[in-house]
>>> print(open('target26.txt').read())   # compact mmCIF, C-alpha atoms and all ligand atoms
# COMPACT_ATOMS: atom_id res chain seq x y z
CA ILE A 1 -70.36 -40.52 64.58
CA VAL A 2 -73.06 -42.69 63.00
CA GLY A 3 -72.40 -45.20 65.77
CA ALA A 4 -72.81 -42.49 68.41
CA ALA A 5 -76.15 -41.22 67.02
CA ARG A 6 -79.41 -42.37 68.59
CA ASP A 7 -82.83 -42.57 66.94
CA GLY A 8 -84.51 -39.18 66.73
CA GLN A 9 -81.34 -37.17 67.36
CA GLU A 10 -80.82 -34.14 65.12
CA ILE A 11 -77.83 -34.18 62.80
CA ILE A 12 -76.35 -31.71 60.31
CA VAL A 13 -74.16 -33.09 57.56
CA ASP A 14 -72.05 -30.42 55.86
CA ALA A 15 -70.81 -32.13 52.73
CA ASP A 16 -69.07 -28.94 51.53
CA GLN A 17 -66.75 -28.80 54.54
CA GLY A 18 -66.80 -32.46 55.49
CA ASP A 19 -68.31 -31.68 58.93
CA VAL A 20 -70.99 -33.49 60.90
CA HIS A 21 -72.81 -31.91 63.85
CA LEU A 22 -74.67 -34.24 66.18
CA SER A 23 -77.35 -32.60 68.35
CA PRO A 24 -76.25 -29.15 67.17
CA ALA A 25 -76.77 -26.09 69.35
CA SER A 26 -79.49 -23.68 68.21
CA ASP A 27 -77.05 -21.07 66.86
CA ILE A 28 -75.44 -23.76 64.67
CA VAL A 29 -78.89 -24.75 63.39
CA ASP A 30 -79.65 -21.07 62.67
CA ALA A 31 -76.38 -20.60 60.81
CA TYR A 32 -77.03 -23.62 58.64
CA SER A 33 -80.68 -22.71 57.96
CA ASN A 34 -79.48 -19.32 56.86
CA ARG A 35 -76.89 -20.83 54.58
CA ALA A 36 -79.42 -23.23 53.06
CA ARG A 37 -81.78 -20.29 52.39
CA LEU A 38 -78.99 -18.33 50.72
CA GLN A 39 -78.04 -21.32 48.64
CA ALA A 40 -81.65 -21.83 47.51
CA ARG A 41 -81.83 -18.17 46.50
CA ARG A 42 -78.62 -18.50 44.53
CA LEU A 43 -79.87 -21.64 42.79
CA LYS A 44 -83.04 -19.79 41.77
CA ARG A 45 -80.87 -17.09 40.20
CA TYR A 46 -78.96 -19.71 38.19
CA ALA A 47 -82.20 -21.43 37.15
CA ARG A 48 -83.23 -18.26 35.35
CA ILE A 49 -80.18 -18.43 33.05
CA LYS A 50 -80.08 -22.21 32.75
CA HIS A 51 -81.36 -22.31 29.20
CA LEU A 52 -79.49 -19.24 28.03
CA PRO A 53 -76.22 -19.75 26.15
CA ALA A 54 -72.82 -19.27 27.81
CA VAL A 55 -71.96 -16.16 25.79
CA THR A 56 -69.87 -13.24 26.96
CA ARG A 57 -71.16 -9.66 26.82
CA ASP A 58 -69.09 -9.07 23.69
CA GLY A 59 -70.66 -12.07 21.99
CA VAL A 60 -68.07 -14.83 22.32
CA GLY A 61 -69.48 -18.31 22.85
CA VAL A 62 -67.97 -20.48 25.59
CA THR A 63 -68.54 -24.24 25.77
CA LEU A 64 -69.78 -25.24 29.19
CA ASN A 65 -70.00 -28.98 29.72
CA MET A 66 -70.46 -31.08 32.84
CA ASN A 67 -68.61 -34.00 34.42
CA ALA A 68 -70.39 -37.27 35.19
CA GLY A 69 -69.63 -40.79 36.28
CA LEU A 70 -72.91 -42.53 36.98
CA MET A 71 -76.30 -42.55 35.25
CA MET A 72 -77.57 -40.48 38.16
CA ASP A 73 -75.29 -37.60 37.05
CA VAL A 74 -76.32 -37.96 33.42
CA GLU A 75 -79.94 -37.38 34.49
CA ASN A 76 -78.84 -33.89 35.57
CA LEU A 77 -77.63 -32.85 32.13
CA GLU A 78 -80.65 -30.82 31.03
CA ASP A 79 -81.23 -29.45 34.47
CA SER A 80 -77.66 -28.29 34.89
CA GLY A 81 -77.72 -26.00 31.85
CA ALA A 82 -74.57 -27.70 30.45
CA GLU A 83 -74.21 -28.44 26.74
CA ASN A 84 -72.54 -31.86 26.78
CA ILE A 85 -70.76 -34.28 29.07
CA GLY A 86 -67.11 -33.28 28.81
CA LEU A 87 -65.81 -36.00 31.14
CA PHE A 88 -67.47 -39.31 31.93
CA ARG A 89 -65.40 -41.08 34.59
CA THR A 90 -66.05 -44.72 33.67
CA GLU A 91 -64.30 -46.11 36.74
CA LEU A 92 -67.11 -44.99 39.05
CA LYS A 93 -69.36 -47.80 37.84
CA PHE A 94 -66.52 -50.22 38.63
CA MET A 95 -65.95 -48.71 42.06
CA VAL A 96 -69.57 -49.07 43.20
CA ALA A 97 -69.92 -52.64 41.87
CA ALA A 98 -69.39 -55.72 44.05
CA ARG A 99 -67.55 -57.54 41.24
CA MET A 100 -66.00 -56.69 37.89
CA PRO A 101 -68.79 -55.57 35.51
CA ARG A 102 -69.00 -57.89 32.49
CA GLU A 103 -68.63 -56.58 28.94
CA THR A 104 -72.40 -56.86 28.36
CA GLU A 105 -73.10 -54.88 31.55
CA GLN A 106 -70.64 -52.20 30.55
CA LEU A 107 -72.14 -52.06 27.08
CA GLN A 108 -75.59 -51.49 28.58
CA VAL A 109 -74.33 -48.64 30.79
CA TYR A 110 -72.64 -46.83 27.90
CA LYS A 111 -75.64 -47.40 25.65
CA ASP A 112 -78.01 -46.03 28.31
CA VAL A 113 -75.80 -42.95 28.68
CA LEU A 114 -75.71 -42.33 24.92
CA ASP A 115 -79.46 -42.94 24.58
CA ARG A 116 -80.13 -40.52 27.42
CA VAL A 117 -78.04 -37.66 26.00
CA GLY A 118 -79.37 -38.06 22.44
CA GLU A 119 -77.67 -35.64 20.07
CA ARG A 120 -75.30 -34.29 22.70
CA ASP A 121 -71.72 -35.46 23.04
CA VAL A 122 -70.20 -37.53 25.86
CA VAL A 123 -66.45 -37.83 26.31
CA PHE A 124 -65.82 -41.23 27.86
CA ARG A 125 -62.59 -41.51 29.77
CA THR A 126 -61.29 -45.07 29.89
CA LEU A 127 -60.74 -46.68 33.28
CA ASP A 128 -58.68 -44.67 35.73
CA ILE A 129 -58.17 -47.33 38.37
CA GLY A 130 -55.28 -48.49 40.44
CA GLY A 131 -53.37 -46.33 42.87
CA ASP A 132 -55.88 -44.73 45.22
CA LYS A 133 -58.94 -45.75 43.16
CA VAL A 134 -59.17 -49.23 44.54
CA LEU A 135 -61.52 -51.93 43.28
CA PRO A 136 -62.23 -54.21 46.24
CA TYR A 137 -62.40 -57.26 43.97
CA LEU A 138 -59.16 -56.53 42.09
CA ARG A 139 -56.00 -57.43 43.94
CA THR A 140 -53.07 -55.09 43.41
CA ARG A 141 -49.85 -54.57 45.27
CA SER A 142 -49.79 -51.81 47.86
CA GLU A 143 -47.70 -48.86 46.72
CA GLU A 144 -45.86 -46.12 48.52
CA ASN A 145 -47.02 -43.38 46.11
CA PRO A 146 -50.24 -44.72 44.62
CA ALA A 147 -51.15 -41.50 42.77
CA MET A 148 -47.88 -41.79 40.88
CA GLY A 149 -48.03 -45.54 40.69
CA TRP A 150 -49.33 -48.35 38.55
CA ARG A 151 -52.65 -46.84 37.61
CA ALA A 152 -54.86 -45.87 34.66
CA MET A 153 -53.28 -46.50 31.24
CA ARG A 154 -50.04 -47.70 32.82
CA MET A 155 -51.92 -50.65 34.23
CA ALA A 156 -54.07 -51.01 31.10
CA LEU A 157 -51.10 -51.16 28.74
CA ASP A 158 -49.30 -53.74 30.89
CA ARG A 159 -52.41 -55.92 31.31
CA PRO A 160 -54.69 -55.04 28.41
CA GLY A 161 -57.35 -57.68 29.13
CA LEU A 162 -59.64 -55.37 31.05
CA ILE A 163 -59.30 -52.30 28.84
CA ARG A 164 -59.99 -54.33 25.72
CA TYR A 165 -63.36 -55.37 27.15
CA GLN A 166 -64.08 -51.78 27.95
CA LEU A 167 -63.09 -50.48 24.52
CA ARG A 168 -65.20 -53.15 22.86
CA ALA A 169 -68.18 -52.25 25.04
CA LEU A 170 -67.80 -48.55 24.21
CA LEU A 171 -67.43 -49.19 20.46
CA LYS A 172 -70.48 -51.46 20.37
CA ALA A 173 -72.56 -49.10 22.49
CA ALA A 174 -71.87 -46.24 20.08
CA ALA A 175 -72.55 -48.24 16.88
CA GLY A 176 -73.78 -45.85 14.21
CA ARG A 177 -73.24 -42.75 16.41
CA GLN A 178 -70.39 -40.49 17.48
CA LEU A 179 -67.99 -41.83 20.10
CA SER A 180 -65.50 -39.60 21.93
CA ILE A 181 -62.86 -41.40 23.97
CA MET A 182 -59.91 -40.15 25.98
CA PHE A 183 -57.19 -41.85 27.98
CA PRO A 184 -56.17 -40.94 31.57
CA LEU A 185 -52.70 -40.27 32.96
CA ILE A 186 -50.87 -40.45 29.64
CA THR A 187 -47.21 -39.58 30.30
CA THR A 188 -45.49 -40.14 26.95
CA VAL A 189 -46.50 -39.90 23.29
CA GLU A 190 -45.78 -43.61 22.96
CA GLU A 191 -48.32 -44.41 25.69
CA PHE A 192 -50.92 -42.45 23.78
CA GLU A 193 -50.06 -44.19 20.51
CA ARG A 194 -50.29 -47.63 22.08
CA SER A 195 -53.64 -46.75 23.71
CA ARG A 196 -55.04 -45.42 20.45
CA ASP A 197 -53.77 -48.48 18.57
CA LEU A 198 -55.55 -50.76 21.04
CA LEU A 199 -58.76 -48.87 20.37
CA LEU A 200 -58.34 -48.96 16.59
CA PHE A 201 -57.47 -52.65 16.74
CA GLU A 202 -60.69 -53.40 18.61
CA GLN A 203 -62.67 -51.35 16.12
CA GLN A 204 -61.09 -53.25 13.24
CA ARG A 205 -61.85 -56.54 14.91
CA LEU A 206 -65.51 -55.65 15.40
CA ARG A 207 -65.76 -54.70 11.73
CA LYS A 208 -64.20 -57.98 10.71
CA PHE A 209 -66.85 -59.88 12.64
CA GLY A 210 -69.63 -57.89 11.06
CA HIS A 211 -70.47 -55.58 13.98
CA ALA A 212 -71.56 -52.01 13.37
CA VAL A 213 -69.03 -49.45 14.64
CA PRO A 214 -69.30 -45.75 15.56
CA LYS A 215 -69.91 -43.50 12.59
CA ASN A 216 -67.44 -41.01 13.95
CA LEU A 217 -64.67 -41.83 16.41
CA ARG A 218 -62.96 -38.91 18.15
CA ILE A 219 -59.80 -39.78 20.06
CA GLY A 220 -58.23 -37.54 22.66
CA THR A 221 -56.26 -37.66 25.85
CA MET A 222 -56.17 -36.16 29.28
CA LEU A 223 -53.27 -33.88 30.13
CA GLU A 224 -52.52 -34.74 33.76
CA VAL A 225 -48.76 -35.22 33.86
CA PRO A 226 -46.40 -32.23 33.53
CA ALA A 227 -43.96 -34.23 31.36
CA LEU A 228 -46.61 -34.46 28.65
CA VAL A 229 -46.74 -30.66 28.40
CA TRP A 230 -43.25 -30.79 26.92
CA GLN A 231 -44.27 -33.31 24.28
CA LEU A 232 -47.36 -31.51 23.02
CA ASP A 233 -45.70 -30.63 19.70
CA ARG A 234 -45.45 -34.37 18.97
CA LEU A 235 -48.73 -35.33 20.58
CA LEU A 236 -51.21 -32.74 19.30
CA PRO A 237 -50.97 -33.60 15.58
CA GLN A 238 -52.33 -37.03 16.53
CA LEU A 239 -55.27 -35.83 18.64
CA ASP A 240 -58.84 -34.83 17.95
CA PHE A 241 -58.95 -33.03 21.30
CA LEU A 242 -57.05 -32.47 24.55
CA SER A 243 -58.64 -32.29 27.98
CA ILE A 244 -56.70 -30.84 30.90
CA GLY A 245 -57.18 -32.62 34.21
CA THR A 246 -56.00 -29.86 36.48
CA ASN A 247 -56.56 -31.91 39.65
CA ASP A 248 -53.76 -34.28 38.78
CA LEU A 249 -51.74 -31.95 36.57
CA LEU A 250 -51.37 -29.35 39.32
CA GLN A 251 -50.80 -31.82 42.15
CA PHE A 252 -47.84 -33.19 40.21
CA PHE A 253 -46.75 -29.72 39.13
CA PHE A 254 -46.58 -28.43 42.71
CA ALA A 255 -45.59 -31.83 44.14
CA ALA A 256 -48.52 -31.43 46.54
CA ASP A 257 -50.98 -34.26 47.18
CA ARG A 258 -54.43 -33.08 46.06
CA GLY A 259 -56.12 -34.96 48.89
CA ASN A 260 -53.94 -33.84 51.79
CA PRO A 261 -55.63 -31.01 53.78
CA MET A 262 -52.31 -30.13 55.48
CA ILE A 263 -51.06 -28.67 52.19
CA GLY A 264 -54.40 -27.99 50.50
CA GLN A 265 -54.04 -24.20 50.87
CA ARG A 266 -50.30 -23.97 50.66
CA TYR A 267 -49.81 -23.36 46.95
CA ASP A 268 -52.31 -21.06 45.32
CA LEU A 269 -53.44 -22.47 41.99
CA LEU A 270 -54.00 -18.89 40.87
CA SER A 271 -50.32 -18.05 41.00
CA LEU A 272 -47.63 -17.36 38.47
CA PRO A 273 -46.25 -20.88 37.88
CA SER A 274 -49.60 -22.59 37.30
CA LEU A 275 -50.99 -19.76 35.18
CA ARG A 276 -47.84 -19.69 33.07
CA LEU A 277 -48.16 -23.43 32.61
CA MET A 278 -51.82 -23.17 31.60
CA SER A 279 -51.12 -20.26 29.29
CA HIS A 280 -48.33 -22.20 27.59
CA VAL A 281 -50.62 -25.21 27.01
CA ARG A 282 -53.29 -22.94 25.58
CA GLU A 283 -50.80 -21.33 23.17
CA VAL A 284 -49.42 -24.65 21.91
CA CYS A 285 -52.93 -26.06 21.36
CA LYS A 286 -53.89 -22.93 19.50
CA SER A 287 -50.86 -23.11 17.24
CA HIS A 288 -51.71 -26.74 16.41
CA ASP A 289 -55.40 -25.90 16.08
CA VAL A 290 -56.44 -28.69 18.47
CA PRO A 291 -59.52 -28.12 20.66
CA VAL A 292 -58.59 -27.95 24.32
CA SER A 293 -60.88 -28.12 27.30
CA ILE A 294 -60.42 -28.04 31.07
CA CYS A 295 -62.16 -30.80 33.00
CA GLY A 296 -60.41 -30.48 36.38
CA GLU A 297 -61.91 -28.58 39.29
CA LEU A 298 -59.92 -25.45 38.49
CA GLY A 299 -62.53 -24.51 35.91
CA SER A 300 -65.40 -24.79 38.36
CA SER A 301 -64.57 -21.86 40.65
CA ASN A 302 -65.58 -18.50 39.29
CA LEU A 303 -62.39 -16.50 39.76
CA GLU A 304 -60.29 -19.38 38.45
CA ALA A 305 -62.59 -19.92 35.44
CA MET A 306 -62.56 -16.16 34.76
CA THR A 307 -58.78 -16.17 34.74
CA LEU A 308 -58.67 -19.16 32.39
CA LEU A 309 -61.08 -17.34 30.06
CA GLY A 310 -58.67 -14.41 30.17
CA LEU A 311 -55.84 -16.77 29.20
CA GLY A 312 -57.80 -17.84 26.11
CA PHE A 313 -59.56 -21.02 27.20
CA ARG A 314 -63.05 -21.39 25.72
CA SER A 315 -64.20 -24.80 26.89
CA PHE A 316 -64.81 -26.12 30.39
CA SER A 317 -66.29 -29.25 31.89
CA VAL A 318 -67.32 -28.78 35.51
CA PRO A 319 -69.40 -30.59 38.15
CA SER A 320 -73.11 -30.16 37.37
CA ALA A 321 -73.72 -28.13 40.53
CA THR A 322 -71.31 -25.41 39.40
CA VAL A 323 -72.47 -24.99 35.77
CA GLY A 324 -74.95 -22.28 36.82
CA SER A 325 -72.46 -20.09 38.64
CA VAL A 326 -69.79 -20.40 35.93
CA LYS A 327 -72.37 -19.58 33.25
CA ARG A 328 -73.45 -16.48 35.16
CA MET A 329 -69.82 -15.40 35.41
CA VAL A 330 -69.21 -15.99 31.68
CA ARG A 331 -72.30 -13.97 30.73
CA SER A 332 -71.07 -11.03 32.78
CA THR A 333 -67.63 -10.72 31.18
CA ASN A 334 -66.37 -8.58 28.36
CA LEU A 335 -63.77 -10.93 26.96
CA GLU A 336 -61.72 -8.38 25.11
CA ARG A 337 -61.26 -6.28 28.24
CA LEU A 338 -60.72 -9.33 30.41
CA GLU A 339 -58.02 -10.81 28.17
CA ARG A 340 -56.21 -7.49 28.08
CA ALA A 341 -56.26 -7.12 31.87
CA VAL A 342 -55.22 -10.72 32.61
CA THR A 343 -52.40 -10.59 30.05
CA GLU A 344 -51.20 -7.31 31.58
CA VAL A 345 -51.16 -8.69 35.12
CA LEU A 346 -49.25 -11.78 34.03
CA ALA A 347 -46.77 -9.76 32.00
CA HIS A 348 -45.73 -7.71 35.03
CA PRO A 349 -46.11 -10.03 38.00
CA SER A 350 -45.78 -8.50 41.43
CA GLY A 351 -47.54 -9.12 44.72
CA ASN A 352 -50.54 -11.32 45.16
CA LEU A 353 -52.00 -12.47 41.84
CA ARG A 354 -55.27 -13.68 43.34
CA GLU A 355 -55.96 -10.24 44.79
CA GLN A 356 -55.12 -8.57 41.49
CA LEU A 357 -57.44 -10.92 39.61
CA HIS A 358 -60.17 -10.15 42.13
CA ALA A 359 -59.62 -6.46 41.51
CA ILE A 360 -60.00 -7.04 37.75
CA ALA A 361 -63.31 -8.84 38.36
CA ASP A 362 -64.51 -5.94 40.54
CA ALA A 363 -63.42 -3.27 38.10
CA GLN A 364 -65.04 -5.02 35.15
CA GLY A 365 -68.26 -6.01 36.93
CA VAL A 366 -67.65 -9.73 36.52
CA LYS A 367 -70.17 -11.64 38.62
CA LEU A 368 -68.20 -14.05 40.78
C1 LIG B 401 -58.17 -34.43 36.96
O1 LIG B 401 -57.17 -35.05 37.32
O2 LIG B 401 -58.24 -33.19 36.91
C2 LIG B 401 -59.38 -35.17 36.53
C3 LIG B 401 -60.40 -34.55 35.96
O3 LIG B 401 -59.43 -36.50 36.80
P1 LIG B 401 -59.78 -37.08 38.25
O4 LIG B 401 -60.26 -35.93 39.08
O5 LIG B 401 -60.81 -38.13 38.02
O6 LIG B 401 -58.47 -37.63 38.68
MG MG B 402 -57.07 -37.20 37.17
>>> encode(input="target26.txt", output="structure tokens")
Amino acid sequence: IVGAARDGQEIIVDADQGDVHLSPASDIVDAYSNRARLQARRLKRYARIKHLPAVTRDGVGVTLNMNAGLMMDVENLEDSGAENIGLFRTELKFMVAARMPRETEQLQVYKDVLDRVGERDVVFRTLDIGGDKVLPYLRTRSEENPAMGWRAMRMALDRPGLIRYQLRALLKAAAGRQLSIMFPLITTVEEFERSRDLLLFEQQRLRKFGHAVPKNLRIGTMLEVPALVWQLDRLLPQLDFLSIGTNDLLQFFFAADRGNPMIGQRYDLLSLPSLRLMSHVREVCKSHDVPVSICGELGSSNLEAMTLLGLGFRSFSVPSATVGSVKRMVRSTNLERLERAVTEVLAHPSGNLREQLHAIADAQGVKL
């Protein structure tokens, strides 16, 4: 469509829906102007609560963090009203670069991020590349099922050269400060242990050569593969925190490609199997007393986030643009009542769960 556009022609780009309108008719322009006005009004409403804490009406504090990947996102931290950066996708820097960033360049990026956030925490996720996240300058074999292929820590553990540079850069950047690191697409406890050992080895090596290291190193992992759910009893005692990547976890759980619009609406993520899965993870983390957070998109929609609150989750990391609406929802809930109602609905499942959860929100005055 860019090729078809001429100078001076009007164009509407709808990034929410993935639509582009070239020379739109006046009623389309009106509809979009209206929507933009509504959106601006909504943003103003969120701005008023930006600096207020994410606390429920009955006084329970909820941690509301934001996701980031580039410095540009980090700049939004204060403005978003989020507390910390709960997921920093380090591969984005690699994806926008024309060649592999050197260790010194990586170090500078991580240092800039840490300097910018000051006392706040950033959870750096190590490289999640391979599969569909292609680096133009890194040759890999084409795969039939790239999302389930040689990606993330699978690639890193087989060819540790790249990840070792990254770990070194992260450790150096956080010298004398707190560093939180997590690993993507971990499928077995052994993969986690090997990843952690690589990190500890690099830290030891830096010490040996007289470099300063982080004063506090927190090590966690993403939960994105259903098989790992059934190893949590062995995994959790070794973790400082767990972060649930619902985008991948639920695509593998439902065997439904997260990027395929033909099946995008087919399986409701607010349905019995996924909520039972999430509830189980929450219970196991609680019994092992390991902090758990949700950094996939599931936590960024209000009804979904409300339901997860009702299941006992207390920490979310969402795109910066949705922090305001989730915070407003949190501040309108009475957690005790919400937990009771959600537990009740899940205990006696019948009919459409999404509708029943909507009815709970309506009855309890939760602002969605
Ligand atoms: C996820 O899978 O939910 C996640 C947060 O990681 P990404 O979206 O980068 O795959
Ligand atoms: Mg993922």
>>> residues_near_ligand(input="target26.txt", ligand="ligand MG 402 (chain B)", cutoff="12 Å", atoms="all atoms listed in the file", output="JSON, numbers by chain")
{"A": [87, 88, 89, 91, 125, 126, 127, 128, 129, 130, 131, 132, 133, 147, 148, 151, 152, 153, 182, 183, 184, 185, 186, 221, 222, 223, 224, 225, 243, 244, 245, 246, 247, 248, 249, 250, 251, 252, 258, 259, 294, 295, 296, 297]}
>>> closest_residue(input="target26.txt", among="A:Val60, A:Val318, A:Asn352, A:Arg282", to="ligand LIG 401 (chain B)", atoms="all atoms listed in the file")
A:Val318
>>> atom_distance(input="target26.txt", atom1="CA of Lys111 (chain A)", atom2="CA of Ala175 (chain A)")
9.3 Å
>>> closest_residue(input="target26.txt", among="A:Asn76, A:Ser317, A:Ser33, A:Thr63", to="ligand LIG 401 (chain B)", atoms="only C-alpha atoms and all ligand atoms")
A:Ser317
>>> closest_residue(input="target26.txt", among="A:Leu368, A:Val13, A:Leu179, A:Leu198", to="Tyr165 (chain A)", atoms="only C-alpha atoms")
A:Leu198
>>> closest_residue(input="target26.txt", among="A:Ala361, A:Ala68, A:Leu135, A:Ala40", to="ligand LIG 401 (chain B)", atoms="all atoms listed in the file")
A:Ala68
>>> decode(input="target26.txt", residues="region 178-186 of chain A", atoms="all heavy atoms", output="PDB file, in the first residue's frame")
ATOM      1  N   GLN A 178      21.987  -4.430  41.792  1.00  0.00           N
ATOM      2  CA  GLN A 178      21.211  -5.677  41.678  1.00  0.00           C
ATOM      3  C   GLN A 178      21.057  -6.058  40.210  1.00  0.00           C
ATOM      4  O   GLN A 178      20.822  -5.198  39.368  1.00  0.00           O
ATOM      5  CB  GLN A 178      19.836  -5.493  42.315  1.00  0.00           C
ATOM      6  CG  GLN A 178      18.874  -6.606  41.926  1.00  0.00           C
ATOM      7  CD  GLN A 178      17.743  -6.769  42.907  1.00  0.00           C
ATOM      8  OE1 GLN A 178      17.943  -7.075  44.071  1.00  0.00           O
ATOM      9  NE2 GLN A 178      16.541  -6.566  42.426  1.00  0.00           N
ATOM     10  N   LEU A 179      21.173  -7.354  39.930  1.00  0.00           N
ATOM     11  CA  LEU A 179      20.920  -7.836  38.569  1.00  0.00           C
ATOM     12  C   LEU A 179      19.912  -8.979  38.634  1.00  0.00           C
ATOM     13  O   LEU A 179      20.119  -9.960  39.349  1.00  0.00           O
ATOM     14  CB  LEU A 179      22.231  -8.318  37.930  1.00  0.00           C
ATOM     15  CG  LEU A 179      22.106  -8.932  36.528  1.00  0.00           C
ATOM     16  CD1 LEU A 179      21.600  -7.901  35.515  1.00  0.00           C
ATOM     17  CD2 LEU A 179      23.455  -9.482  36.048  1.00  0.00           C
ATOM     18  N   SER A 180      18.818  -8.828  37.883  1.00  0.00           N
ATOM     19  CA  SER A 180      17.828  -9.911  37.790  1.00  0.00           C
ATOM     20  C   SER A 180      17.869 -10.468  36.372  1.00  0.00           C
ATOM     21  O   SER A 180      17.721  -9.719  35.403  1.00  0.00           O
ATOM     22  CB  SER A 180      16.422  -9.399  38.084  1.00  0.00           C
ATOM     23  OG  SER A 180      16.378  -8.801  39.354  1.00  0.00           O
ATOM     24  N   ILE A 181      18.074 -11.769  36.278  1.00  0.00           N
ATOM     25  CA  ILE A 181      18.180 -12.412  34.958  1.00  0.00           C
ATOM     26  C   ILE A 181      17.234 -13.597  34.889  1.00  0.00           C
ATOM     27  O   ILE A 181      17.086 -14.338  35.867  1.00  0.00           O
ATOM     28  CB  ILE A 181      19.624 -12.920  34.725  1.00  0.00           C
ATOM     29  CG1 ILE A 181      20.566 -11.735  34.516  1.00  0.00           C
ATOM     30  CG2 ILE A 181      19.705 -13.877  33.544  1.00  0.00           C
ATOM     31  CD1 ILE A 181      21.925 -12.106  33.952  1.00  0.00           C
ATOM     32  N   MET A 182      16.584 -13.763  33.722  1.00  0.00           N
ATOM     33  CA  MET A 182      15.812 -14.999  33.537  1.00  0.00           C
ATOM     34  C   MET A 182      16.059 -15.569  32.142  1.00  0.00           C
ATOM     35  O   MET A 182      16.496 -14.860  31.238  1.00  0.00           O
ATOM     36  CB  MET A 182      14.329 -14.771  33.784  1.00  0.00           C
ATOM     37  CG  MET A 182      13.654 -13.821  32.847  1.00  0.00           C
ATOM     38  SD  MET A 182      11.925 -13.670  33.353  1.00  0.00           S
ATOM     39  CE  MET A 182      11.344 -12.395  32.249  1.00  0.00           C
ATOM     40  N   PHE A 183      15.774 -16.855  32.029  1.00  0.00           N
ATOM     41  CA  PHE A 183      16.079 -17.571  30.791  1.00  0.00           C
ATOM     42  C   PHE A 183      14.779 -17.943  30.063  1.00  0.00           C
ATOM     43  O   PHE A 183      13.824 -18.402  30.687  1.00  0.00           O
ATOM     44  CB  PHE A 183      16.863 -18.846  31.106  1.00  0.00           C
ATOM     45  CG  PHE A 183      18.133 -18.572  31.873  1.00  0.00           C
ATOM     46  CD1 PHE A 183      18.227 -18.863  33.224  1.00  0.00           C
ATOM     47  CD2 PHE A 183      19.227 -17.995  31.238  1.00  0.00           C
ATOM     48  CE1 PHE A 183      19.389 -18.597  33.935  1.00  0.00           C
ATOM     49  CE2 PHE A 183      20.401 -17.719  31.934  1.00  0.00           C
ATOM     50  CZ  PHE A 183      20.476 -18.023  33.294  1.00  0.00           C
ATOM     51  N   PRO A 184      14.757 -17.764  28.717  1.00  0.00           N
ATOM     52  CA  PRO A 184      13.537 -18.078  27.954  1.00  0.00           C
ATOM     53  C   PRO A 184      13.456 -19.541  27.520  1.00  0.00           C
ATOM     54  O   PRO A 184      14.478 -20.206  27.338  1.00  0.00           O
ATOM     55  CB  PRO A 184      13.684 -17.179  26.722  1.00  0.00           C
ATOM     56  CG  PRO A 184      15.162 -17.032  26.519  1.00  0.00           C
ATOM     57  CD  PRO A 184      15.802 -17.146  27.889  1.00  0.00           C
ATOM     58  N   LEU A 185      12.234 -19.983  27.347  1.00  0.00           N
ATOM     59  CA  LEU A 185      11.900 -21.298  26.774  1.00  0.00           C
ATOM     60  C   LEU A 185      12.588 -22.483  27.451  1.00  0.00           C
ATOM     61  O   LEU A 185      12.962 -23.453  26.795  1.00  0.00           O
ATOM     62  CB  LEU A 185      12.194 -21.318  25.264  1.00  0.00           C
ATOM     63  CG  LEU A 185      11.238 -22.253  24.508  1.00  0.00           C
ATOM     64  CD1 LEU A 185       9.918 -21.570  24.245  1.00  0.00           C
ATOM     65  CD2 LEU A 185      11.839 -22.739  23.208  1.00  0.00           C
ATOM     66  N   ILE A 186      12.762 -22.401  28.753  1.00  0.00           N
ATOM     67  CA  ILE A 186      13.331 -23.528  29.496  1.00  0.00           C
ATOM     68  C   ILE A 186      12.285 -24.660  29.496  1.00  0.00           C
ATOM     69  O   ILE A 186      11.109 -24.426  29.777  1.00  0.00           O
ATOM     70  CB  ILE A 186      13.670 -23.093  30.943  1.00  0.00           C
ATOM     71  CG1 ILE A 186      14.821 -22.072  30.932  1.00  0.00           C
ATOM     72  CG2 ILE A 186      13.976 -24.288  31.829  1.00  0.00           C
ATOM     73  CD1 ILE A 186      16.176 -22.615  30.548  1.00  0.00           C
TER      74      ILE A 186
END
